[in-house]
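query_36.csv follows; it contains CSV, N, CA and C atoms.
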chain,number,residue,atom,x,y,z
F,213,MET,N,22.4,-15.5,11.7
F,213,MET,CA,21.6,-15.8,10.5
F,213,MET,C,21.0,-14.5,10.0
F,214,LEU,N,21.0,-14.3,8.8
F,214,LEU,CA,20.4,-13.0,8.2
F,214,LEU,C,18.9,-13.2,8.1
F,215,GLU,N,18.2,-12.1,8.4
F,215,GLU,CA,16.8,-12.0,8.3
F,215,GLU,C,16.3,-11.9,6.9
F,216,LYS,N,15.3,-12.6,6.4
F,216,LYS,CA,14.8,-12.4,5.1
F,216,LYS,C,14.2,-11.0,4.9
F,217,MET,N,14.4,-10.4,3.8
F,217,MET,CA,14.0,-9.0,3.6
F,217,MET,C,12.6,-8.7,3.9
F,218,GLY,N,11.7,-9.6,3.4
F,218,GLY,CA,10.3,-9.5,3.6
F,218,GLY,C,9.9,-9.5,5.1
F,219,GLU,N,10.5,-10.4,5.8
F,219,GLU,CA,10.3,-10.5,7.3
F,219,GLU,C,10.9,-9.2,8.0
F,220,PHE,N,12.0,-8.8,7.5
F,220,PHE,CA,12.6,-7.6,8.1
F,220,PHE,C,11.7,-6.4,8.0
F,221,LEU,N,11.2,-6.2,6.8
F,221,LEU,CA,10.3,-5.0,6.6
F,221,LEU,C,9.0,-5.1,7.3
F,222,TYR,N,8.4,-6.3,7.3
F,222,TYR,CA,7.1,-6.5,7.9
F,222,TYR,C,7.2,-6.3,9.5
F,223,SER,N,8.3,-6.8,10.0
F,223,SER,CA,8.5,-6.6,11.5
F,223,SER,C,8.6,-5.2,11.9
F,224,ARG,N,8.9,-4.3,11.0
F,224,ARG,CA,9.0,-2.9,11.3
F,224,ARG,C,7.9,-2.0,10.7
F,225,LEU,N,6.8,-2.7,10.4
F,225,LEU,CA,5.7,-2.0,9.7
F,225,LEU,C,5.1,-0.9,10.5
F,226,ASP,N,4.9,-1.0,11.8
F,226,ASP,CA,4.3,0.0,12.7
F,226,ASP,C,5.1,1.3,12.7
F,227,GLY,N,6.4,1.3,12.6
F,227,GLY,CA,7.1,2.5,12.7
F,227,GLY,C,7.7,2.9,11.4
F,228,TYR,N,7.4,2.2,10.3
F,228,TYR,CA,8.0,2.5,9.0
F,228,TYR,C,7.9,3.9,8.5
F,229,LYS,N,6.6,4.4,8.5
F,229,LYS,CA,6.4,5.8,8.0
F,229,LYS,C,7.2,6.8,8.8
F,230,ASP,N,7.1,6.7,10.1
F,230,ASP,CA,7.8,7.7,10.9
F,230,ASP,C,9.3,7.6,10.7
F,231,HIS,N,9.8,6.4,10.6
F,231,HIS,CA,11.3,6.2,10.3
F,231,HIS,C,11.7,6.9,9.0
F,232,GLN,N,10.9,6.6,7.9
F,232,GLN,CA,11.2,7.2,6.6
F,232,GLN,C,11.2,8.7,6.7
F,233,LEU,N,10.3,9.3,7.4
F,233,LEU,CA,10.2,10.7,7.5
F,233,LEU,C,11.3,11.4,8.3
F,234,THR,N,11.8,10.6,9.3
F,234,THR,CA,12.8,11.2,10.1
F,234,THR,C,14.2,10.8,9.8
F,235,ALA,N,14.4,9.6,9.1
F,235,ALA,CA,15.7,9.1,8.8
F,235,ALA,C,16.3,9.6,7.5
F,236,ILE,N,15.4,10.0,6.6
F,236,ILE,CA,15.8,10.4,5.3
F,236,ILE,C,15.8,11.9,5.2
F,237,GLN,N,16.9,12.5,4.9
F,237,GLN,CA,17.0,14.0,4.8
F,237,GLN,C,16.1,14.4,3.7
F,238,TRP,N,15.3,15.4,3.9
F,238,TRP,CA,14.4,16.1,3.0
F,238,TRP,C,13.2,15.2,2.6
F,239,ALA,N,12.9,14.1,3.4
F,239,ALA,CA,11.8,13.3,3.1
F,239,ALA,C,10.4,14.0,3.2
F,240,ARG,N,10.3,14.9,4.1
F,240,ARG,CA,9.0,15.6,4.3
F,240,ARG,C,8.8,16.5,3.1
F,241,GLU,N,9.8,17.0,2.4
F,241,GLU,CA,9.6,17.8,1.2
F,241,GLU,C,9.5,16.9,-0.1
F,242,PHE,N,10.3,15.8,-0.1
F,242,PHE,CA,10.4,15.0,-1.3
F,242,PHE,C,9.1,14.2,-1.5
F,243,TYR,N,8.6,13.6,-0.5
F,243,TYR,CA,7.4,12.8,-0.7
F,243,TYR,C,6.2,13.6,-1.3
F,244,PRO,N,5.8,14.7,-0.7
F,244,PRO,CA,4.7,15.5,-1.3
F,244,PRO,C,5.1,16.0,-2.7
F,245,PHE,N,6.3,16.4,-2.9
F,245,PHE,CA,6.7,16.8,-4.3
F,245,PHE,C,6.6,15.7,-5.3
F,246,SER,N,7.1,14.5,-5.0
F,246,SER,CA,7.1,13.4,-5.9
F,246,SER,C,5.6,13.0,-6.2
F,247,ALA,N,4.8,13.0,-5.1
F,247,ALA,CA,3.4,12.6,-5.3
F,247,ALA,C,2.7,13.6,-6.2
F,248,GLY,N,3.0,14.9,-6.1
F,248,GLY,CA,2.4,15.9,-6.9
F,248,GLY,C,2.8,15.9,-8.4
F,249,CYS,N,3.9,15.1,-8.7
F,249,CYS,CA,4.3,15.0,-10.1
F,249,CYS,C,3.5,13.9,-10.8
F,250,LEU,N,2.7,13.1,-10.1
F,250,LEU,CA,2.0,12.0,-10.7
F,250,LEU,C,0.8,12.4,-11.4
F,251,PRO,N,0.3,11.6,-12.4
F,251,PRO,CA,-0.9,12.0,-13.2
F,251,PRO,C,-2.1,12.2,-12.3
F,252,MET,N,-3.0,13.2,-12.6
F,252,MET,CA,-4.1,13.4,-11.8
F,252,MET,C,-5.5,13.1,-12.5
F,253,GLU,N,-5.4,12.6,-13.7
F,253,GLU,CA,-6.6,12.3,-14.4
F,253,GLU,C,-7.4,11.2,-13.7
F,254,PRO,N,-8.7,11.1,-13.9
F,254,PRO,CA,-9.5,10.1,-13.2
F,254,PRO,C,-9.1,8.7,-13.6
F,255,GLU,N,-9.0,7.8,-12.6
F,255,GLU,CA,-8.7,6.4,-12.8
F,255,GLU,C,-7.3,6.2,-13.4
F,256,ALA,N,-6.4,7.1,-13.1
F,256,ALA,CA,-5.0,6.9,-13.5
F,256,ALA,C,-4.4,5.6,-12.8
F,257,LYS,N,-3.5,5.0,-13.4
F,257,LYS,CA,-2.8,3.8,-12.9
F,257,LYS,C,-1.4,4.2,-12.4
F,258,VAL,N,-1.1,3.8,-11.2
F,258,VAL,CA,0.2,4.1,-10.6
F,258,VAL,C,0.7,2.8,-10.0
F,259,LEU,N,2.0,2.6,-10.1
F,259,LEU,CA,2.7,1.5,-9.6
F,259,LEU,C,3.2,1.7,-8.2
F,260,ASP,N,2.7,1.0,-7.2
F,260,ASP,CA,3.3,1.0,-5.8
F,260,ASP,C,3.4,2.4,-5.1
F,261,LEU,N,2.3,3.1,-5.0
F,261,LEU,CA,2.4,4.4,-4.3
F,261,LEU,C,1.1,4.6,-3.6
F,262,GLY,N,1.0,4.0,-2.4
F,262,GLY,CA,-0.2,4.1,-1.6
F,262,GLY,C,-0.6,5.5,-1.2
F,263,CYS,N,0.4,6.3,-0.9
F,263,CYS,CA,0.1,7.7,-0.5
F,263,CYS,C,-0.6,8.5,-1.6
F,264,TYR,N,-0.5,8.1,-2.8
F,264,TYR,CA,-1.1,8.8,-3.9
F,264,TYR,C,-2.6,8.8,-3.8
F,265,PHE,N,-3.3,7.9,-3.1
F,265,PHE,CA,-4.7,7.9,-2.9
F,265,PHE,C,-5.2,9.2,-2.3
F,266,ARG,N,-4.4,9.9,-1.5
F,266,ARG,CA,-4.9,11.2,-0.9
F,266,ARG,C,-5.0,12.2,-2.0
F,267,LEU,N,-4.2,12.2,-3.0
F,267,LEU,CA,-4.2,13.2,-4.1
F,267,LEU,C,-5.2,12.8,-5.2
F,268,ASN,N,-5.3,11.5,-5.5
F,268,ASN,CA,-6.2,11.1,-6.6
F,268,ASN,C,-6.9,9.8,-6.1
F,269,PRO,N,-8.1,10.0,-5.4
F,269,PRO,CA,-8.8,8.9,-4.8
F,269,PRO,C,-9.3,7.8,-5.8
F,270,SER,N,-9.4,8.2,-7.1
F,270,SER,CA,-9.9,7.2,-8.0
F,270,SER,C,-8.8,6.4,-8.7
F,271,ALA,N,-7.6,6.7,-8.3
F,271,ALA,CA,-6.4,6.0,-8.9
F,271,ALA,C,-6.4,4.5,-8.6
F,272,GLY,N,-5.9,3.7,-9.5
F,272,GLY,CA,-5.7,2.3,-9.3
F,272,GLY,C,-4.2,2.1,-9.0
F,273,ILE,N,-3.9,1.4,-7.9
F,273,ILE,CA,-2.5,1.1,-7.5
F,273,ILE,C,-2.2,-0.3,-7.6
F,274,ILE,N,-1.0,-0.6,-8.2
F,274,ILE,CA,-0.4,-1.9,-8.2
F,274,ILE,C,0.7,-2.0,-7.2
F,275,GLY,N,0.5,-2.8,-6.1
F,275,GLY,CA,1.5,-2.8,-5.1
F,275,GLY,C,2.5,-3.9,-5.3
F,276,VAL,N,3.7,-3.6,-5.3
F,276,VAL,CA,4.8,-4.6,-5.5
F,276,VAL,C,5.7,-4.5,-4.2
F,277,ASP,N,5.9,-5.6,-3.5
F,277,ASP,CA,6.8,-5.6,-2.3
F,277,ASP,C,7.3,-6.9,-2.1
F,278,LEU,N,8.5,-7.0,-1.5
F,278,LEU,CA,9.1,-8.3,-1.1
F,278,LEU,C,8.4,-8.9,0.1
F,279,ALA,N,7.7,-8.1,0.9
F,279,ALA,CA,7.0,-8.5,2.1
F,279,ALA,C,5.5,-8.6,1.9
F,280,PRO,N,4.9,-9.8,1.8
F,280,PRO,CA,3.5,-9.9,1.6
F,280,PRO,C,2.7,-9.2,2.7
F,281,GLY,N,3.3,-9.2,3.9
F,281,GLY,CA,2.6,-8.5,5.0
F,281,GLY,C,2.5,-7.0,4.8
F,282,MET,N,3.4,-6.4,4.1
F,282,MET,CA,3.3,-5.0,3.7
F,282,MET,C,2.2,-4.7,2.8
F,283,LEU,N,2.0,-5.6,1.8
F,283,LEU,CA,0.8,-5.4,0.9
F,283,LEU,C,-0.5,-5.6,1.6
F,284,ARG,N,-0.5,-6.6,2.5
F,284,ARG,CA,-1.8,-6.8,3.3
F,284,ARG,C,-2.1,-5.6,4.1
F,285,ALA,N,-1.0,-5.0,4.7
F,285,ALA,CA,-1.2,-3.8,5.5
F,285,ALA,C,-1.7,-2.6,4.6
F,286,LEU,N,-1.2,-2.5,3.4
F,286,LEU,CA,-1.6,-1.4,2.5
F,286,LEU,C,-3.1,-1.6,2.1
F,287,LYS,N,-3.5,-2.9,1.9
F,287,LYS,CA,-4.9,-3.1,1.5
F,287,LYS,C,-5.8,-2.8,2.7
F,288,GLU,N,-5.4,-3.1,3.9
F,288,GLU,CA,-6.1,-2.8,5.1
F,288,GLU,C,-6.3,-1.3,5.3
F,289,LYS,N,-5.2,-0.6,5.1
F,289,LYS,CA,-5.2,0.9,5.3
F,289,LYS,C,-6.1,1.6,4.3
F,290,PHE,N,-6.1,1.1,3.1
F,290,PHE,CA,-6.9,1.7,2.0
F,290,PHE,C,-8.0,0.8,1.5
F,291,ARG,N,-8.9,0.4,2.5
F,291,ARG,CA,-10.0,-0.5,2.1
F,291,ARG,C,-10.9,0.3,1.1
F,292,GLY,N,-11.4,-0.5,0.2
F,292,GLY,CA,-12.4,0.1,-0.8
F,292,GLY,C,-11.7,0.8,-1.9
F,293,LYS,N,-10.3,0.9,-1.9
F,293,LYS,CA,-9.6,1.5,-3.0
F,293,LYS,C,-9.2,0.4,-4.0
F,294,GLN,N,-8.9,0.8,-5.2
F,294,GLN,CA,-8.5,-0.1,-6.2
F,294,GLN,C,-7.0,-0.4,-6.1
F,295,LEU,N,-6.7,-1.5,-5.3
F,295,LEU,CA,-5.4,-1.9,-5.1
F,295,LEU,C,-5.2,-3.3,-5.5
F,296,GLU,N,-4.2,-3.6,-6.3
F,296,GLU,CA,-3.9,-4.9,-6.8
F,296,GLU,C,-2.5,-5.3,-6.4
F,297,PRO,N,-2.4,-6.2,-5.4
F,297,PRO,CA,-1.1,-6.6,-4.9
F,297,PRO,C,-0.5,-7.6,-5.9
F,298,ILE,N,0.8,-7.5,-6.1
F,298,ILE,CA,1.6,-8.5,-6.9
F,298,ILE,C,2.6,-9.2,-6.0

Let me see the structure of the file written as structure tokens.
Amino acid sequence: MLEKMGEFLYSRLDGYKDHQLTAIQWAREFYPFSAGCLPMEPEAKVLDLGCYFRLNPSAGIIGVDLAPGMLRALKEKFRGKQLEPI
């Protein structure tokens, strides 16, 4: 039986970031570069980019994910931030 995508992603939540950084060629260069291309004005709105909070702490993030558990984990990680899960 195939695993539902949301369950598949949520079950791998603990090692997800490390996996992405080691399994994807150039990820360590790409992620900071792409985050640096985002708007930096106060209260900018960004779609689904939790790592952006480090660069622009006042940004509002709209989280979109197939796995509700991933969005819960994002809200937990960035408590007090402007995060709206969909």

In Å to one decimal, how far is atom N of Ile273 (chain F) from CA of Ala285 (chain F)? 14.6 Å

Top pick for closest residue to Phe265 (chain F), considering F:Leu225, F:Leu295, F:Leu283, F:Leu233 and counting only C-alpha atoms: F:Leu295

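Across the model, the gap from atom N of Glu255 (chain F) to atom N of Ser270 (chain F) is 5.5 Å.
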
For the atom pair atom N of Gly275 (chain F) and atom C of Lys287 (chain F), what is the interatomic distance in Å to one decimal place? 10.8 Å

What would region 245-259 of chain F look like with N, CA, C and O atoms in place, written as an mmCIF file, keeping the file's coordinate frame?
data_model
loop_
_atom_site.group_PDB
_atom_site.id
_atom_site.type_symbol
_atom_site.label_atom_id
_atom_site.label_comp_id
_atom_site.auth_asym_id
_atom_site.auth_seq_id
_atom_site.Cartn_x
_atom_site.Cartn_y
_atom_site.Cartn_z
ATOM 1 N N PHE F 245 6.300 16.400 -2.900
ATOM 2 C CA PHE F 245 6.700 16.800 -4.300
ATOM 3 C C PHE F 245 6.600 15.700 -5.300
ATOM 4 O O PHE F 245 5.984 15.915 -6.348
ATOM 5 N N SER F 246 7.100 14.500 -5.000
ATOM 6 C CA SER F 246 7.100 13.400 -5.900
ATOM 7 C C SER F 246 5.600 13.000 -6.200
ATOM 8 O O SER F 246 5.248 12.682 -7.311
ATOM 9 N N ALA F 247 4.800 13.000 -5.100
ATOM 10 C CA ALA F 247 3.400 12.600 -5.300
ATOM 11 C C ALA F 247 2.700 13.600 -6.200
ATOM 12 O O ALA F 247 1.830 13.268 -7.032
ATOM 13 N N GLY F 248 3.000 14.900 -6.100
ATOM 14 C CA GLY F 248 2.400 15.900 -6.900
ATOM 15 C C GLY F 248 2.800 15.900 -8.400
ATOM 16 O O GLY F 248 2.167 16.494 -9.189
ATOM 17 N N CYS F 249 3.900 15.100 -8.700
ATOM 18 C CA CYS F 249 4.300 15.000 -10.100
ATOM 19 C C CYS F 249 3.500 13.900 -10.800
ATOM 20 O O CYS F 249 3.723 13.696 -12.020
ATOM 21 N N LEU F 250 2.700 13.100 -10.100
ATOM 22 C CA LEU F 250 2.000 12.000 -10.700
ATOM 23 C C LEU F 250 0.800 12.400 -11.400
ATOM 24 O O LEU F 250 0.256 13.520 -11.187
ATOM 25 N N PRO F 251 0.300 11.600 -12.400
ATOM 26 C CA PRO F 251 -0.900 12.000 -13.200
ATOM 27 C C PRO F 251 -2.100 12.200 -12.300
ATOM 28 O O PRO F 251 -2.306 11.418 -11.316
ATOM 29 N N MET F 252 -3.000 13.200 -12.600
ATOM 30 C CA MET F 252 -4.100 13.400 -11.800
ATOM 31 C C MET F 252 -5.500 13.100 -12.500
ATOM 32 O O MET F 252 -6.524 13.374 -11.973
ATOM 33 N N GLU F 253 -5.400 12.600 -13.700
ATOM 34 C CA GLU F 253 -6.600 12.300 -14.400
ATOM 35 C C GLU F 253 -7.400 11.200 -13.700
ATOM 36 O O GLU F 253 -6.763 10.340 -13.060
ATOM 37 N N PRO F 254 -8.700 11.100 -13.900
ATOM 38 C CA PRO F 254 -9.500 10.100 -13.200
ATOM 39 C C PRO F 254 -9.100 8.700 -13.600
ATOM 40 O O PRO F 254 -8.700 8.459 -14.762
ATOM 41 N N GLU F 255 -9.000 7.800 -12.600
ATOM 42 C CA GLU F 255 -8.700 6.400 -12.800
ATOM 43 C C GLU F 255 -7.300 6.200 -13.400
ATOM 44 O O GLU F 255 -7.031 5.209 -14.072
ATOM 45 N N ALA F 256 -6.400 7.100 -13.100
ATOM 46 C CA ALA F 256 -5.000 6.900 -13.500
ATOM 47 C C ALA F 256 -4.400 5.600 -12.800
ATOM 48 O O ALA F 256 -4.913 5.207 -11.787
ATOM 49 N N LYS F 257 -3.500 5.000 -13.400
ATOM 50 C CA LYS F 257 -2.800 3.800 -12.900
ATOM 51 C C LYS F 257 -1.400 4.200 -12.400
ATOM 52 O O LYS F 257 -0.670 4.795 -13.117
ATOM 53 N N VAL F 258 -1.100 3.800 -11.200
ATOM 54 C CA VAL F 258 0.200 4.100 -10.600
ATOM 55 C C VAL F 258 0.700 2.800 -10.000
ATOM 56 O O VAL F 258 0.022 1.985 -9.436
ATOM 57 N N LEU F 259 2.000 2.600 -10.100
ATOM 58 C CA LEU F 259 2.700 1.500 -9.600
ATOM 59 C C LEU F 259 3.200 1.700 -8.200
ATOM 60 O O LEU F 259 4.101 2.602 -7.990
#
